[in-house]
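Participant: The structure that follows is given in the form of structure tokens.
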Amino acid sequence: MANSVNDVLNIAIIGGGIVGCCVAWELSKTQAGIFVFEKNPGITKGENQSSRNSGVNHAGINYDRKTRPLKARLCVEGNRLWYDFCERYQVPCQKTGKLIVAQDAVQNRGLDRYLRRAAENGVADVRKISGEEVQDLEPNVKAHAALFVPTSGIFEPTALLHQVYALASNQGVEFMTATEIVALAAVAGGLRLTLCYRDGRQDSIVARRVINAAGVHAVGVARLIDPDFPIQAALTRGDSLKFYRKRRADIYLRGMNVYPAPIVVDTPTGRHHSVGVHLTPTFDRVGAEFVIGDTVTVGPKLIPVKSLEDYQTPVPPVESFLEDLSFFPGLTSADLESHQCGVHARLNGYPDFYIQADRTYGNVIHLLGIDSPGFTAAPAIARYVARLIDKQMIQQGA
Ligand SMILES: Cc1cc2nc3c(=O)[nH]c(=O)nc-3n(C[C@H](O)[C@H](O)[C@H](O)COP(=O)(O)OP(=O)(O)OC[C@H]3O[C@@H](n4cnc5c(N)ncnc54)[C@H](O)[C@@H]3O)c2cc1C
């Protein structure tokens with residue numbers, strides 16, 4: 001029987017990005033009555049992190065288990081889950097491998113930390129290679145040494161999101177697009193959600209359980225139910241440029257992900273980890289097919305912004321990207337074109353994913369700070385949320 005928005009819903013998910021869609025699909029394997037509310041006009045249409053990212057299936061070596069335990073665990077799990085998923089459903093995806101390059105002996109010693117972390121996090125087959133071996137793999141990359149990470153790869157984010165959305169829909173999940181949740185209040189039997197449609201009309205429904213997967217707006221949604229919610233959203237954006245490898249036959253890239261040694265960036269809203277400006281082969285659409293084509297994404301470069309919707313602050317000058325690309329000499333400002341910007345769902349002073357029940361209303365689960373590697377981790381985040389709900393149901397004797 002089709003669900004109706006007039007019933008008391010079992011589960012309301014706020015946000016139809018990759019995380020909301022994966023959570024909906026996962027929960028729909030055991031539960032009915034799931035609704036996803038998305039303020040964009042369509043699930044893969046509109047602005048969100050899931051359509052403005054680099055499309056890297058991260059291996060999971062950047063996150064240490066002490067300060068970022070959920071990122072460390074869920075990234076590695078998600079990386080494997082996506083490869084299996086893409087093979088099963090024929091979604092564009094490729095294990096390209098990644099080079100993290102050191103430019104001198106000091107950076108080379110720094111790579112050892114990531115080598116140890118790879119072992120701790122269970123990332124298979126990561127090894128140190130020499131500058132000569134780097135050139136065998138990517139002849140135009142200049143490095144003193146590098147980490148070779150074979151399980152890194154790329155996927156086509158919107159195709160992936162669309163496939164998960166289709167699977168969830170087929171399993172009975174209802175998607176209400178162009179519908180923003182503007183208020184949340186505890187009532188007998190659950191939470192009342194106030195819906196606002198694009199024409200300004202409002203409506204309300206009650207749900208037994210709410211999952212807050214609102215991406216960069218998730219802190220704002222948490223404040224709808226807990227005005228004193230203690231964590232602030234950080235205001236950072238990732239800006240990318242692109243170049244076409246066939247236009248510069250002399251400095252082509254064979255198709256690996258190439259990253260500098262990770263850095264820490266100071267911004268007005270605090271210190272942030274960054275993987276630095278890197279080169280990512282990108283899927284291009286050719287007719288109905290996605291192929292690893294001609295486009296190489298350069299970035300993102302992390303910059304501070306003024307608001308969660310700030311696309312006005314200018315992209316840094318092309319020259320500043322080139323300064324970060326000393327490992328790929330030969331690229332000039334004339335080769336680089338503007339590409340995309342995406343605001344990150346980062347939190348101030350909280351570097352890990354925040355996946356917890358609301359401190360007052362246990363039937364609300366907040367998913368905050370789902371910045372990179374959030375796309376990679378999304379299917380594992382969904383399983384984590386399903387286990388959290390199972391535990392809650394056991395405790396409640398349901
Ligand atoms: C520049 C950049 C590059 C990145 N590169 C990578 C990468 O290479 N690999 C990787 O793994 N990750 C990457 N990430 C991170 C990744 O994109 C995100 O972690 C992931 O997409 C988060 O998905 P989400 O569903 O949580 O959020 P989103 O995709 O932002 O979705 C949240 C949704 O909630 C909706 N929403 C918000 N408020 C409301 C409301 N009140 N009512 C209804 N709907 C609402 C929004 O419209 C939005 O569609 C990158 C991010 C950025 C910004």
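All residue names refer to the structure tokens as shown: chains lettered A, B, ... in order, residues numbered from 1 in each chain, ligands numbered from 1 in order.
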Under the rule of at most 7 Å, produce a per-residue listing of chain A near ligand 1: chain, number, name, the closest pair of atoms, and the distance in Å, as a tab-separated table, using only C-alpha atoms and all ligand atoms.
Facilitator:
```
residue	atom	partner	partner_atom_place_in_ligand_line	distance
A:Ile14	CA	ligand 1	43 (C)	5.1
A:Gly15	CA	ligand 1	34 (O)	3.2
A:Gly16	CA	ligand 1	33 (C)	5.0
A:Gly17	CA	ligand 1	25 (O)	3.3
A:Ile18	CA	ligand 1	25 (O)	4.1
A:Val19	CA	ligand 1	25 (O)	3.7
A:Gly20	CA	ligand 1	25 (O)	5.3
A:Phe37	CA	ligand 1	43 (C)	5.0
A:Glu38	CA	ligand 1	44 (N)	3.7
A:Lys39	CA	ligand 1	44 (N)	4.1
A:Asn40	CA	ligand 1	47 (O)	5.0
A:Glu47	CA	ligand 1	47 (O)	6.5
A:Asn48	CA	ligand 1	30 (O)	4.0
A:Gln49	CA	ligand 1	29 (O)	3.9
A:Ser50	CA	ligand 1	21 (O)	3.3
A:Ser51	CA	ligand 1	29 (O)	6.6
A:Arg52	CA	ligand 1	1 (C)	5.8
A:Asn53	CA	ligand 1	3 (C)	3.5
A:Ser54	CA	ligand 1	8 (O)	3.8
A:Gly55	CA	ligand 1	8 (O)	4.2
A:Val56	CA	ligand 1	8 (O)	3.6
A:Asn57	CA	ligand 1	9 (N)	5.6
A:His58	CA	ligand 1	11 (O)	5.9
A:Thr179	CA	ligand 1	43 (C)	5.9
A:Glu180	CA	ligand 1	42 (N)	3.6
A:Ile181	CA	ligand 1	42 (N)	4.0
A:Val182	CA	ligand 1	41 (N)	5.6
A:Ala213	CA	ligand 1	26 (O)	5.5
A:Ala214	CA	ligand 1	34 (O)	3.5
A:Gly215	CA	ligand 1	27 (O)	3.6
A:Val216	CA	ligand 1	30 (O)	5.7
A:His217	CA	ligand 1	38 (N)	4.9
A:Ala218	CA	ligand 1	38 (N)	6.4
A:Val221	CA	ligand 1	41 (N)	6.0
A:Arg237	CA	ligand 1	53 (C)	6.3
A:Gly238	CA	ligand 1	1 (C)	4.0
A:Asp239	CA	ligand 1	1 (C)	6.1
A:Pro300	CA	ligand 1	1 (C)	5.6
A:Cys341	CA	ligand 1	1 (C)	5.7
A:Gly342	CA	ligand 1	53 (C)	3.9
A:Val343	CA	ligand 1	53 (C)	4.7
A:His344	CA	ligand 1	53 (C)	4.2
A:Ile370	CA	ligand 1	19 (O)	4.7
A:Asp371	CA	ligand 1	19 (O)	3.7
A:Ser372	CA	ligand 1	15 (C)	3.5
A:Pro373	CA	ligand 1	11 (O)	3.6
A:Gly374	CA	ligand 1	19 (O)	3.1
A:Phe375	CA	ligand 1	11 (O)	3.6
A:Thr376	CA	ligand 1	11 (O)	3.7
A:Ala377	CA	ligand 1	11 (O)	6.4
```
Participant: Keeping only N, CA and C atoms, write those residues as a compact mmCIF listing (two decimals), in the first residue's frame.
Facilitator:
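Below is the file selection10.txt, written as the result:
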```
# COMPACT_ATOMS: atom_id res chain seq x y z
N ILE A 14 15.45 14.12 6.54
CA ILE A 14 15.56 15.49 6.02
C ILE A 14 16.84 15.58 5.20
N GLY A 15 16.70 15.74 3.89
CA GLY A 15 17.86 15.85 3.00
C GLY A 15 17.97 14.65 2.08
N GLY A 16 17.96 14.93 0.77
CA GLY A 16 18.06 13.87 -0.23
C GLY A 16 19.37 13.92 -0.99
N GLY A 17 20.47 14.20 -0.27
CA GLY A 17 21.81 14.04 -0.85
C GLY A 17 22.16 12.56 -0.76
N ILE A 18 23.43 12.27 -1.01
CA ILE A 18 23.83 10.86 -1.03
C ILE A 18 23.61 10.20 0.33
N VAL A 19 23.79 10.96 1.41
CA VAL A 19 23.65 10.35 2.74
C VAL A 19 22.18 10.04 3.03
N GLY A 20 21.30 11.02 2.79
CA GLY A 20 19.87 10.78 3.02
C GLY A 20 19.37 9.62 2.17
N PHE A 37 12.52 14.17 2.65
CA PHE A 37 12.13 15.54 2.31
C PHE A 37 13.36 16.28 1.79
N GLU A 38 13.22 16.83 0.60
CA GLU A 38 14.37 17.50 -0.05
C GLU A 38 13.92 18.85 -0.57
N LYS A 39 14.65 19.89 -0.19
CA LYS A 39 14.21 21.23 -0.62
C LYS A 39 14.55 21.54 -2.08
N ASN A 40 15.53 20.83 -2.64
CA ASN A 40 15.83 21.04 -4.07
C ASN A 40 14.66 20.55 -4.93
N GLU A 47 21.54 22.38 -5.83
CA GLU A 47 22.85 22.56 -5.20
C GLU A 47 22.97 21.74 -3.94
N ASN A 48 23.94 20.92 -3.87
CA ASN A 48 24.31 20.29 -2.61
C ASN A 48 25.72 19.74 -2.75
N GLN A 49 26.24 19.22 -1.66
CA GLN A 49 27.62 18.69 -1.73
C GLN A 49 27.70 17.49 -2.66
N SER A 50 26.59 16.71 -2.70
CA SER A 50 26.65 15.46 -3.46
C SER A 50 26.78 15.69 -4.96
N SER A 51 26.43 16.90 -5.43
CA SER A 51 26.59 17.16 -6.86
C SER A 51 27.76 18.13 -7.12
N ARG A 52 28.50 18.48 -6.07
CA ARG A 52 29.60 19.45 -6.26
C ARG A 52 30.88 18.92 -5.62
N ASN A 53 31.17 17.66 -5.86
CA ASN A 53 32.38 17.12 -5.23
C ASN A 53 33.32 16.54 -6.28
N SER A 54 34.47 16.06 -5.84
CA SER A 54 35.51 15.63 -6.79
C SER A 54 35.31 14.20 -7.27
N GLY A 55 34.38 13.47 -6.69
CA GLY A 55 34.10 12.11 -7.16
C GLY A 55 35.21 11.11 -6.85
N VAL A 56 35.93 11.34 -5.76
CA VAL A 56 36.99 10.40 -5.40
C VAL A 56 36.47 9.36 -4.41
N ASN A 57 36.68 8.09 -4.72
CA ASN A 57 36.38 7.03 -3.78
C ASN A 57 37.62 6.88 -2.90
N HIS A 58 37.60 7.59 -1.77
CA HIS A 58 38.81 7.66 -0.93
C HIS A 58 39.12 6.32 -0.29
N THR A 179 10.49 20.55 -1.10
CA THR A 179 9.82 20.61 0.20
C THR A 179 10.87 20.80 1.29
N GLU A 180 10.85 21.97 1.90
CA GLU A 180 11.85 22.26 2.94
C GLU A 180 11.24 22.07 4.32
N ILE A 181 12.00 21.48 5.23
CA ILE A 181 11.54 21.38 6.61
C ILE A 181 11.96 22.66 7.33
N VAL A 182 10.98 23.40 7.83
CA VAL A 182 11.32 24.70 8.43
C VAL A 182 11.09 24.74 9.94
N ALA A 213 19.72 14.64 7.80
CA ALA A 213 20.82 14.45 6.83
C ALA A 213 20.88 15.66 5.91
N ALA A 214 20.84 16.85 6.52
CA ALA A 214 20.67 18.09 5.74
C ALA A 214 21.98 18.72 5.28
N GLY A 215 23.06 17.96 5.28
CA GLY A 215 24.32 18.44 4.72
C GLY A 215 24.81 19.71 5.40
N VAL A 216 25.13 20.74 4.63
CA VAL A 216 25.66 21.97 5.23
C VAL A 216 24.64 22.63 6.15
N HIS A 217 23.36 22.30 5.96
CA HIS A 217 22.32 22.91 6.80
C HIS A 217 21.95 22.05 8.01
N ALA A 218 22.69 20.96 8.22
CA ALA A 218 22.30 20.02 9.29
C ALA A 218 22.40 20.65 10.69
N VAL A 221 19.26 22.59 11.11
CA VAL A 221 18.12 21.70 11.37
C VAL A 221 18.19 21.19 12.82
N ARG A 237 34.80 26.62 1.82
CA ARG A 237 34.36 26.19 0.50
C ARG A 237 35.53 25.51 -0.21
N GLY A 238 35.24 24.59 -1.09
CA GLY A 238 36.28 23.96 -1.90
C GLY A 238 36.11 24.41 -3.34
N ASP A 239 37.13 25.08 -3.90
CA ASP A 239 37.04 25.62 -5.27
C ASP A 239 37.94 24.82 -6.20
N PRO A 300 39.99 20.42 -4.85
CA PRO A 300 39.58 21.76 -4.46
C PRO A 300 40.58 22.43 -3.53
N CYS A 341 32.50 24.97 -7.37
CA CYS A 341 32.74 25.30 -5.97
C CYS A 341 31.72 24.54 -5.14
N GLY A 342 32.10 24.11 -3.98
CA GLY A 342 31.13 23.47 -3.08
C GLY A 342 31.43 23.81 -1.64
N VAL A 343 30.40 24.26 -0.91
CA VAL A 343 30.59 24.55 0.51
C VAL A 343 30.66 23.22 1.26
N HIS A 344 31.58 23.12 2.21
CA HIS A 344 31.77 21.88 2.97
C HIS A 344 30.89 21.88 4.21
N ILE A 370 29.25 16.01 7.81
CA ILE A 370 29.50 14.95 6.80
C ILE A 370 30.18 15.60 5.60
N ASP A 371 31.40 16.05 5.84
CA ASP A 371 32.19 16.58 4.73
C ASP A 371 33.05 15.45 4.18
N SER A 372 33.99 15.76 3.34
CA SER A 372 34.80 14.70 2.73
C SER A 372 35.46 13.86 3.82
N PRO A 373 35.44 12.57 3.79
CA PRO A 373 35.06 11.67 2.71
C PRO A 373 33.61 11.17 2.80
N GLY A 374 32.68 12.12 2.92
CA GLY A 374 31.29 11.74 3.18
C GLY A 374 30.63 10.98 2.05
N PHE A 375 31.01 11.29 0.80
CA PHE A 375 30.40 10.54 -0.30
C PHE A 375 30.88 9.10 -0.26
N THR A 376 32.20 8.94 -0.09
CA THR A 376 32.76 7.59 -0.01
C THR A 376 32.10 6.81 1.13
N ALA A 377 31.96 7.49 2.27
CA ALA A 377 31.49 6.79 3.47
C ALA A 377 29.98 6.56 3.49
```
Participant: Using only C-alpha atoms, find each residue of region 285-386 of chain A with at least one atom at most 10 Å away from an atom of region 151-167 of chain A; report its shortest atom-to-atom pair and that distance in Å (one decimal), sort the rows by chain and rising residue number, and return the result as a tab-separated table.
Facilitator:
```
residue	atom	partner	partner_atom	distance
A:Arg285	CA	A:Glu156	CA	9.8
A:Phe290	CA	A:Glu156	CA	7.8
A:Val291	CA	A:Glu156	CA	9.4
A:Ile292	CA	A:Ile154	CA	9.3
A:Phe375	CA	A:Pro157	CA	8.1
A:Thr376	CA	A:Phe155	CA	9.3
A:Pro379	CA	A:Val164	CA	9.7
```
Participant: Name all residues at most 12 Å from region 316-326 of chain A (count only C-alpha atoms; drop same-chain ones fewer than 4 positions away) and give them as a VMD selection string.
Facilitator: chain A and resid 101 to 104 140 to 144 237 to 243 258 to 263 275 to 279 297 to 305 312 330 to 339 341
Participant: Can you write out the residues you just picked, keeping C-alpha atoms, as a PDB file, in the first residue's frame?
Facilitator:
```pdb
ATOM      1  CA  VAL A 101      53.686  12.745  -3.539  1.00  0.00           C
ATOM      2  CA  ALA A 102      56.518  14.078  -1.374  1.00  0.00           C
ATOM      3  CA  GLN A 103      58.688  16.804  -2.856  1.00  0.00           C
ATOM      4  CA  ASP A 104      61.646  16.439  -0.497  1.00  0.00           C
ATOM      5  CA  ASN A 140      54.717  13.986 -15.876  1.00  0.00           C
ATOM      6  CA  VAL A 141      54.533  13.939 -12.089  1.00  0.00           C
ATOM      7  CA  LYS A 142      57.692  15.073 -10.332  1.00  0.00           C
ATOM      8  CA  ALA A 143      58.293  13.601  -6.881  1.00  0.00           C
ATOM      9  CA  HIS A 144      61.062  12.732  -4.462  1.00  0.00           C
ATOM     10  CA  ARG A 237      34.358  26.186   0.497  1.00  0.00           C
ATOM     11  CA  GLY A 238      36.279  23.956  -1.904  1.00  0.00           C
ATOM     12  CA  ASP A 239      37.044  25.622  -5.267  1.00  0.00           C
ATOM     13  CA  SER A 240      38.171  23.590  -8.273  1.00  0.00           C
ATOM     14  CA  LEU A 241      39.505  24.362 -11.719  1.00  0.00           C
ATOM     15  CA  LYS A 242      39.964  21.911 -14.581  1.00  0.00           C
ATOM     16  CA  PHE A 243      42.192  21.266 -17.552  1.00  0.00           C
ATOM     17  CA  VAL A 258      47.676  12.621  -7.729  1.00  0.00           C
ATOM     18  CA  TYR A 259      47.753  14.353  -4.342  1.00  0.00           C
ATOM     19  CA  PRO A 260      50.359  16.419  -2.483  1.00  0.00           C
ATOM     20  CA  ALA A 261      51.224  15.554   1.124  1.00  0.00           C
ATOM     21  CA  PRO A 262      48.150  16.541   3.289  1.00  0.00           C
ATOM     22  CA  ILE A 263      48.212  19.998   4.898  1.00  0.00           C
ATOM     23  CA  VAL A 275      44.210  16.977   1.346  1.00  0.00           C
ATOM     24  CA  GLY A 276      45.581  19.913  -0.667  1.00  0.00           C
ATOM     25  CA  VAL A 277      45.075  20.839  -4.313  1.00  0.00           C
ATOM     26  CA  HIS A 278      45.160  17.584  -6.269  1.00  0.00           C
ATOM     27  CA  LEU A 279      44.576  16.180  -9.744  1.00  0.00           C
ATOM     28  CA  THR A 297      39.804  18.329 -11.919  1.00  0.00           C
ATOM     29  CA  VAL A 298      42.346  20.567 -10.192  1.00  0.00           C
ATOM     30  CA  GLY A 299      41.507  21.252  -6.554  1.00  0.00           C
ATOM     31  CA  PRO A 300      39.578  21.763  -4.459  1.00  0.00           C
ATOM     32  CA  LYS A 301      41.373  24.579  -2.739  1.00  0.00           C
ATOM     33  CA  LEU A 302      39.976  25.235   0.711  1.00  0.00           C
ATOM     34  CA  ILE A 303      38.923  28.858   1.269  1.00  0.00           C
ATOM     35  CA  PRO A 304      37.015  30.621   4.066  1.00  0.00           C
ATOM     36  CA  VAL A 305      33.564  31.982   3.118  1.00  0.00           C
ATOM     37  CA  GLN A 312      30.069  35.188  -4.328  1.00  0.00           C
ATOM     38  CA  GLY A 330      54.440  22.622 -17.061  1.00  0.00           C
ATOM     39  CA  LEU A 331      50.781  23.442 -16.467  1.00  0.00           C
ATOM     40  CA  THR A 332      50.181  27.164 -17.111  1.00  0.00           C
ATOM     41  CA  SER A 333      47.390  29.553 -16.230  1.00  0.00           C
ATOM     42  CA  ALA A 334      46.230  29.393 -19.876  1.00  0.00           C
ATOM     43  CA  ASP A 335      45.483  25.655 -19.430  1.00  0.00           C
ATOM     44  CA  LEU A 336      43.173  26.117 -16.458  1.00  0.00           C
ATOM     45  CA  GLU A 337      39.453  26.857 -16.639  1.00  0.00           C
ATOM     46  CA  SER A 338      36.920  27.412 -13.883  1.00  0.00           C
ATOM     47  CA  HIS A 339      35.088  24.273 -12.788  1.00  0.00           C
ATOM     48  CA  CYS A 341      32.737  25.304  -5.967  1.00  0.00           C
TER      49      CYS A 341
END
```
Participant: Could you please write out, as a VMD selection string, every residue of region 87-149 of chain A that DSSP assigns to strand (DSSP E or B)?
Facilitator: chain A and resid 93 to 94 98 to 102 127 to 130 145 to 149
